[in-house]
Each structure stands twice: as C-alpha cells, then as structure tokens.
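Working notes, structure below.
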Amino acid sequence: MSSPHPTPPPAGPPLRWHGDGFPAADASGVHQALADLENPCFVVAGPTGPAAVSGGTAAPGGEGPGVLAAAAPLPPHRLGSAAFTAAHGVRLPYMAGAMAGGIASADLVIAMARENLLASFGAAGLLPSVVEDTLRRFAREIPGLPYAVNVIHSPSEDRLERETVELALRHGVRCVEASAYMDLTPHIVRYRLAGLRRGPDGRVVTGNRLIAKVSRPETATRFMRPAPAATVTALLEQGLITAEQAALAHQVPLADDITVEADSGGHTDRRPLPALFPVLARLRDAVQREHRYQDPIRLGAAGGLGAPAALAAAFAMGADYVVTGSVNQSCLEAGTSPQVRAMLAEAGIADCEMAPAADMFEMGVDLQVLKKGTLFPMRARRLHQLYQTYDGLEALPGEERERLEKQIFRRPLEEVWADCVSYFTNRDPEQLTRAADHPRRRMALVFRWYLGMASRWAVTGDGERTPDYQIWCGPAMGSFNDWVTGSYLKNPSNRRVADVAQHLMRGAAFHTRLAQLRLAGVRVPAGAAEYLPVPGEPPLPLAPTAGAS
C-alpha cells in the first residue's frame, strides 16, 4: 500500500501505534485489517513502507511505528440513523422493500423479522382474504417483531387500497410502506392519523408509522407536510378518526420516513440517486425548518443498491437508511419460482427495460422489468400501442386480432373477456360496470389480463409461458450478480434474504472505512479494496434494539 499524500501530522509529538498485532503491507493483510470493523484500523510507517493493522491505540511517544492515518471502528449499525433503528425496533438501518403480488412474501418478512431487520410484505395486488391470512400468520409467528405492510396507490381499484388499510388497522399493523402514490388518498391519511395520541409527557405519539416511497419532489412534499386539513375534516365527519386525532394531525408529518426511490424495479421514474437524493434532502430540511416537527423526517435511499459500494455511497449522501428490492427477489424466501430466481441470477446491469404497468395501463404508466430471457416487454408495449390506436376489440384488424390470439393470449379474446368478468365480479365489480358500455375500457381490461397473468406465470414458474414472464427488476440485480461472482452467493440456492442484508451492510461499512483512508491520502492494494461475502462468518455485532413493531 502507499501513502503519496499523507495527512499533515498534528502539532505536537508524533503519534505512534501501540498494540499486539502485526502491521501488514500485502493485499491479504491490508484487507484483513480493514475488514475488522469492530476495531480501529491504523496505517503505520513500516520498514518497507506503509502497512495496515487493526486494534491497538495511537499515542504520542513510545517505540511503536508512526501513525500515518487511521479509521475508527465502524460496525454496520453505526451507518445511517440511530433514530431509524430505534423507531422501528431494528438492528440495522436497512429495509427489504415491498415487491407486489406477495413476491416480498410472508416467509421473507418473517426471516428478516427474526433477525430484527425490517421488511415490507408485498400486499399490492393480493386479495384482501390473502392479506388477512398473512397478517394472522405474522401475529402467530413474529409477535412484537418488526415488519411493514405495503399499501400501493390504486387509482383504478380504490376498493383494494381501502380494504388493505382497513385490514392493517384491524390487525394492529404498526408500520405501512406507501408506494406508487401520485396524490394522497383518504385511506393512507386515515391509517396515519388513526394511530395518533397524546403521550403522558405531552408529546404526540405516532402509533402508526408510515414509510413513503417517492421519486418526485411534489409527491415527497405531500408526505412531508401534515395531512391536508380538508381530508382530516372529512375523516372526522365520517367517524374514521377521533377528535383528538384530528387536533393532533397538524403537529406531525404524514410520513415518518421518506424513501427516495431512484432507478428501481417495478414502478420507477429511473432518476439517478445522486441527482435525486440531494433535492429531496434540501426539501426535507426546508419543511423541517417550517414545521419544527418534534421528530424530524428521516430520508432513505432505494434504487440501484445492489453492491456494498452503492450502499456506502447512499450513506455518504446522508441517507438515514437504505432499501433493497430486486436483489431480494433472487433469494430463497421470495415468493417467486426457482425459474425466475435462476433468470435473475444471470441478469446484467443492462438487462432491464420499461414496459406498461397492469395497474395503471390506461394512464400509460410504465414499470421496469427483466428483458433477458423473456418477450414480455415487447409484447406488453404492443398491447398498449393497440389500445392507443383502436377504440375497442371489435375495431382491431382481423390479422392483428389473429396474431394476438395465437402469439400473446393463445386463446380467443372472448374467453379472455369471460375470465375478466369472473375475476372482477369477485374483486372489483365497479370495473365491469364502467366497461359495460365502453368498448375501449373493455379492451383495456382484456389487455390488463395478459399483463397480470404474465406476473402470475413468473411466480408459479409456468414452463409453457416462460417467454411471457413479467419479472420486476432494476439494474441493482446486475450489480449484485457482478459483485458476488466468485463467491458462494453466485448460486441463487445459497441466497437468503437476511444473509444478503448483513453482507451488504458489512460491505458498506468496509467501503466507508476505505473511503476514509483514501481521504487521508492512503492507497490500498487493488486486491484489498473489495469486500466479498464469505459463508459462515460470525454474526454481525448489532446494536441493541429499541422500540417494537
């Protein structure tokens, strides 16, 4: 290792290292010193040049080697915000974000909770009965442990959003992750306000914590400010909140935590995190100066976080916590098929593409999916082009209709419509009412059938529909795969969600210490500058938990 531009020594006697270790200049020894996160790392003047050693102390005087640079102990729980870990009762400022349709499964949430780590159940797109069964399972298997439930903005299926919120309130869910919101709805406001009360010390207690995932300043502003007065009044008049809760609403932000979502899988604006995060950080600070909340809003980072250096960069920008998504989908606990996990494990950073979203098809909203090994993005875009061009199924040219029935749907469109009628009769009859005298809306429901089934075929691993798999995925997946090449995590059968979380966080701490030494002018050997996951490592020394979900 080298120190071409060492930090000027402090005034007074030079510092010398004292300890029991042996300074090393070779790549293996330097890496070992850096990776000992629980002890300080010193770069000292060795007989043949700079060397690294962990442990010991630096003090003036004595016979030890001179200290050129140092990095303090940095166990992973010291990254990010202690306020986040305390508020959510978790041991690391890390969250496994929701993946809809139960891909962020009950098994995934439970595995994380048992390690005192936070994960969000992917309730979006599931029937209320399925969500309720899952909440009962959480009550049995992880009582008192941390978890969140996703509530997704559903402008075309308002009933599902309302029922998910009602289930969360009925079953005492203390943390909700709100995603894909373009505007606030009474349902998400109700969830937040229904947990407010005045504590014995006079402070406002926010019993229902809200984590809002956003990618635009205008959306972030809505969640950073108190609930809109008109919505508060309407909820009070409907008896959905108490007078005390209505009175306290203006004293707290709508969300405790704002996750800044950059280039991610699923719904995404594909904003670069280094461009987006500072904008929302300045916005958060401005809102805090205006409202002087008793507990300042915390800001998390998501999107593109698939390798330790990326997490370290997010923390360096000021993130209070980090959120992963795509990488968790390739883990054993994810609610998807082995076929999909294998496909994800082979993805590169350029193997993603945008395609129409089923839940916001008519609005032209896209989401990011895997393109390697599937024809779904191309076929979904074709359906949206037809929707924009023609006024209904009856208006489709004969050759176009035949192509759809043979290549995409693989059945007559009348049969698909019959399936839509059966599905929405049980799920949301209002959809059928609106489509009754509206051929174009009817066409949209038929096309949405394909988009919805494409996700289902992927989850179940339907071998006959592999070319149609819809797999939500962002470039973080390719970054993760590149990082774990050569390690035991290359094989998806070895990927467990809590194990991945702890390796990512340990690696983030490693890269943070490496950056500290670089700022001091130290250059470490190339072979020492990467953290690679090793099986069977001792558990992370985690911070004591505080609070509970």
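Chain labels follow the order of the structure tokens: the first chain is A, the next B, and so on; residue numbering restarts at 1 in every chain, and ligands are counted from 1 in their shown order.
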So that I can see what lies close to stretch 466-469 of chain A, please list as a VMD selection string the residues with an atom at most 6 Å from it, counting only C-alpha atoms and leaving out residues fewer than 6 positions away in the same chain.
chain A and resid 374 to 376 454 458
Based on the selection just made, write N, CA and C atoms of those residues as an mmCIF file, in the first residue's frame.
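Wrote it out as part-v4.cif, contents follow:
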```cif
data_model
loop_
_atom_site.group_PDB
_atom_site.id
_atom_site.type_symbol
_atom_site.label_atom_id
_atom_site.label_comp_id
_atom_site.auth_asym_id
_atom_site.auth_seq_id
_atom_site.Cartn_x
_atom_site.Cartn_y
_atom_site.Cartn_z
ATOM 1 N N THR A 374 -37.014 -13.140 -21.866
ATOM 2 C CA THR A 374 -38.468 -13.008 -21.940
ATOM 3 C C THR A 374 -38.849 -12.029 -23.051
ATOM 4 N N LEU A 375 -40.010 -12.254 -23.653
ATOM 5 C CA LEU A 375 -40.541 -11.358 -24.678
ATOM 6 C C LEU A 375 -41.584 -10.400 -24.107
ATOM 7 N N PHE A 376 -41.785 -10.448 -22.792
ATOM 8 C CA PHE A 376 -42.859 -9.661 -22.199
ATOM 9 C C PHE A 376 -42.767 -8.171 -22.513
ATOM 10 N N ALA A 454 -49.025 -12.442 -16.797
ATOM 11 C CA ALA A 454 -47.587 -12.559 -17.040
ATOM 12 C C ALA A 454 -46.812 -12.567 -15.727
ATOM 13 N N ALA A 458 -44.844 -16.046 -14.027
ATOM 14 C CA ALA A 458 -43.481 -15.993 -13.498
ATOM 15 C C ALA A 458 -43.430 -16.518 -12.068
#
```
Tell me, as a VMD selection string, which residues lie within 8 Å of A:Val151, counting only C-alpha atoms; anything in the same chain fewer than 3 positions away does not count.
chain A and resid 123 to 124 161 164 to 165 176 to 179 188
Would you output that residue set with C-alpha atoms, as an mmCIF file, in the first residue's frame?
```
data_model
loop_
_atom_site.group_PDB
_atom_site.id
_atom_site.type_symbol
_atom_site.label_atom_id
_atom_site.label_comp_id
_atom_site.auth_asym_id
_atom_site.auth_seq_id
_atom_site.Cartn_x
_atom_site.Cartn_y
_atom_site.Cartn_z
ATOM 1 C CA ALA A 123 -49.608 -6.943 -0.305
ATOM 2 C CA ALA A 124 -50.245 -4.992 -3.512
ATOM 3 C CA GLU A 161 -56.444 0.211 -1.235
ATOM 4 C CA THR A 164 -55.823 -3.083 2.763
ATOM 5 C CA VAL A 165 -55.796 -0.072 5.087
ATOM 6 C CA VAL A 176 -47.034 0.680 6.423
ATOM 7 C CA GLU A 177 -44.912 1.299 3.346
ATOM 8 C CA ALA A 178 -46.828 3.512 0.891
ATOM 9 C CA SER A 179 -45.718 3.246 -2.726
ATOM 10 C CA ILE A 188 -53.477 6.395 3.560
#
```
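Among A:Arg174, A:Ala316, A:Arg441, A:Gly49, the residue with the shortest atom-to-atom distance to A:Arg513, counting only C-alpha atoms, is A:Ala316.
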DSSP strand (DSSP E) selection over stretch 129-291 of chain A, as a PyMOL selection string
chain A and resi 148-152+175-179+196-198+204-206+209-214+257-261+266-267
Go ahead and dump the residues you just picked, C-alpha atoms, as a CSV table (one decimal), in the first residue's frame.
```
chain,number,residue,atom,x,y,z
A,148,ALA,CA,-44.2,-3.5,7.5
A,149,VAL,CA,-47.1,-4.0,5.0
A,150,ASN,CA,-47.2,-2.3,1.6
A,151,VAL,CA,-50.2,-0.2,0.6
A,152,ILE,CA,-50.0,0.8,-3.1
A,175,CYS,CA,-45.9,0.2,10.0
A,176,VAL,CA,-47.0,0.7,6.4
A,177,GLU,CA,-44.9,1.3,3.3
A,178,ALA,CA,-46.8,3.5,0.9
A,179,SER,CA,-45.7,3.2,-2.7
A,196,LEU,CA,-52.1,9.5,16.9
A,197,ARG,CA,-52.4,10.1,20.6
A,198,ARG,CA,-51.0,12.4,23.2
A,204,VAL,CA,-47.5,13.4,20.2
A,205,VAL,CA,-47.2,9.6,19.9
A,206,THR,CA,-47.4,8.3,16.3
A,209,ARG,CA,-45.6,4.6,11.3
A,210,LEU,CA,-45.7,5.5,7.6
A,211,ILE,CA,-42.8,5.0,5.2
A,212,ALA,CA,-43.5,6.7,1.9
A,213,LYS,CA,-41.5,5.6,-1.2
A,214,VAL,CA,-41.3,8.6,-3.7
A,257,ASP,CA,-39.7,8.2,6.7
A,258,ILE,CA,-39.4,9.1,3.0
A,259,THR,CA,-37.6,6.6,0.8
A,260,VAL,CA,-36.0,8.3,-2.1
A,261,GLU,CA,-36.6,5.8,-5.0
A,266,GLY,CA,-41.3,-2.1,-11.0
A,267,HIS,CA,-42.8,1.4,-10.8
```
Selection: 10 Å around stretch 34-36 of chain A, only C-alpha atoms, excl. self and same-chain fewer than 4 positions, as a PyMOL selection string
chain A and resi 29-30+40-42+52-55+71+73-75+506-507+509-511+513-514+517+524+528-531
Which of stretch 173-370 of chain A end up as alpha helix (DSSP H) when DSSP is run on this backbone - answer as an MDAnalysis selection string?
chainID A and resid 186:193 217:224 229:237 243:248 273:291 308:316 326:329 338:345
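Compared by their closest atoms to A:Thr324, and using only C-alpha atoms, the residues A:Asp263, A:Glu63, A:Asp366, A:Glu218 rank with A:Asp263 nearest.
Among the candidates A:Ala234, A:Leu15, A:Ala281, A:Ile297, the residue lying nearest to A:Ala87 is A:Ile297 (atoms considered: only C-alpha atoms).
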Set the distance at 12 Å and use only C-alpha atoms: which residues neighbour A:Gly125 once local chain neighbours fewer than 6 positions away are removed? I'd like the list as number ranges by chain.
A: 98-104, 131, 150-154, 156-161, 163-164, 358-359, 427-428, 452-453, 455-456
Selection to disk with C-alpha atoms, as a PDB file, in the first residue's frame:
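Result written to again26.pdb:
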```pdb
ATOM      1  CA  ALA A  98     -42.099  -4.494  -0.897  1.00  0.00           C
ATOM      2  CA  MET A  99     -42.447  -6.419  -4.137  1.00  0.00           C
ATOM      3  CA  ALA A 100     -46.090  -6.706  -5.191  1.00  0.00           C
ATOM      4  CA  GLY A 101     -48.125  -9.850  -5.546  1.00  0.00           C
ATOM      5  CA  GLY A 102     -46.571 -11.418  -2.479  1.00  0.00           C
ATOM      6  CA  ILE A 103     -43.112 -11.656  -4.062  1.00  0.00           C
ATOM      7  CA  ALA A 104     -41.940  -9.918  -0.893  1.00  0.00           C
ATOM      8  CA  VAL A 131     -53.578 -10.316   3.066  1.00  0.00           C
ATOM      9  CA  ASN A 150     -47.188  -2.336   1.631  1.00  0.00           C
ATOM     10  CA  VAL A 151     -50.152  -0.198   0.593  1.00  0.00           C
ATOM     11  CA  ILE A 152     -49.970   0.788  -3.062  1.00  0.00           C
ATOM     12  CA  HIS A 153     -51.832   3.647  -4.698  1.00  0.00           C
ATOM     13  CA  SER A 154     -54.586   2.039  -6.772  1.00  0.00           C
ATOM     14  CA  SER A 156     -58.232   2.153 -10.831  1.00  0.00           C
ATOM     15  CA  GLU A 157     -59.035  -0.115  -7.863  1.00  0.00           C
ATOM     16  CA  ASP A 158     -59.777   2.189  -4.951  1.00  0.00           C
ATOM     17  CA  ARG A 159     -61.565  -0.584  -3.078  1.00  0.00           C
ATOM     18  CA  LEU A 160     -58.402  -2.665  -2.727  1.00  0.00           C
ATOM     19  CA  GLU A 161     -56.444   0.211  -1.235  1.00  0.00           C
ATOM     20  CA  GLU A 163     -59.576  -2.691   2.275  1.00  0.00           C
ATOM     21  CA  THR A 164     -55.823  -3.083   2.763  1.00  0.00           C
ATOM     22  CA  ALA A 358     -51.039  -3.527 -15.373  1.00  0.00           C
ATOM     23  CA  ASP A 359     -52.440  -1.391 -12.551  1.00  0.00           C
ATOM     24  CA  ARG A 427     -62.550  -8.476  -6.824  1.00  0.00           C
ATOM     25  CA  ASP A 428     -63.971  -5.154  -8.008  1.00  0.00           C
ATOM     26  CA  GLY A 452     -51.486  -9.566 -14.771  1.00  0.00           C
ATOM     27  CA  MET A 453     -51.155 -13.170 -15.858  1.00  0.00           C
ATOM     28  CA  SER A 455     -46.647 -11.823 -13.432  1.00  0.00           C
ATOM     29  CA  ARG A 456     -48.553 -14.883 -12.255  1.00  0.00           C
TER      30      ARG A 456
END
```
Atom CA of A:Leu280 to atom CA of A:Leu79: how many Å, to one decimal?
19.7 Å
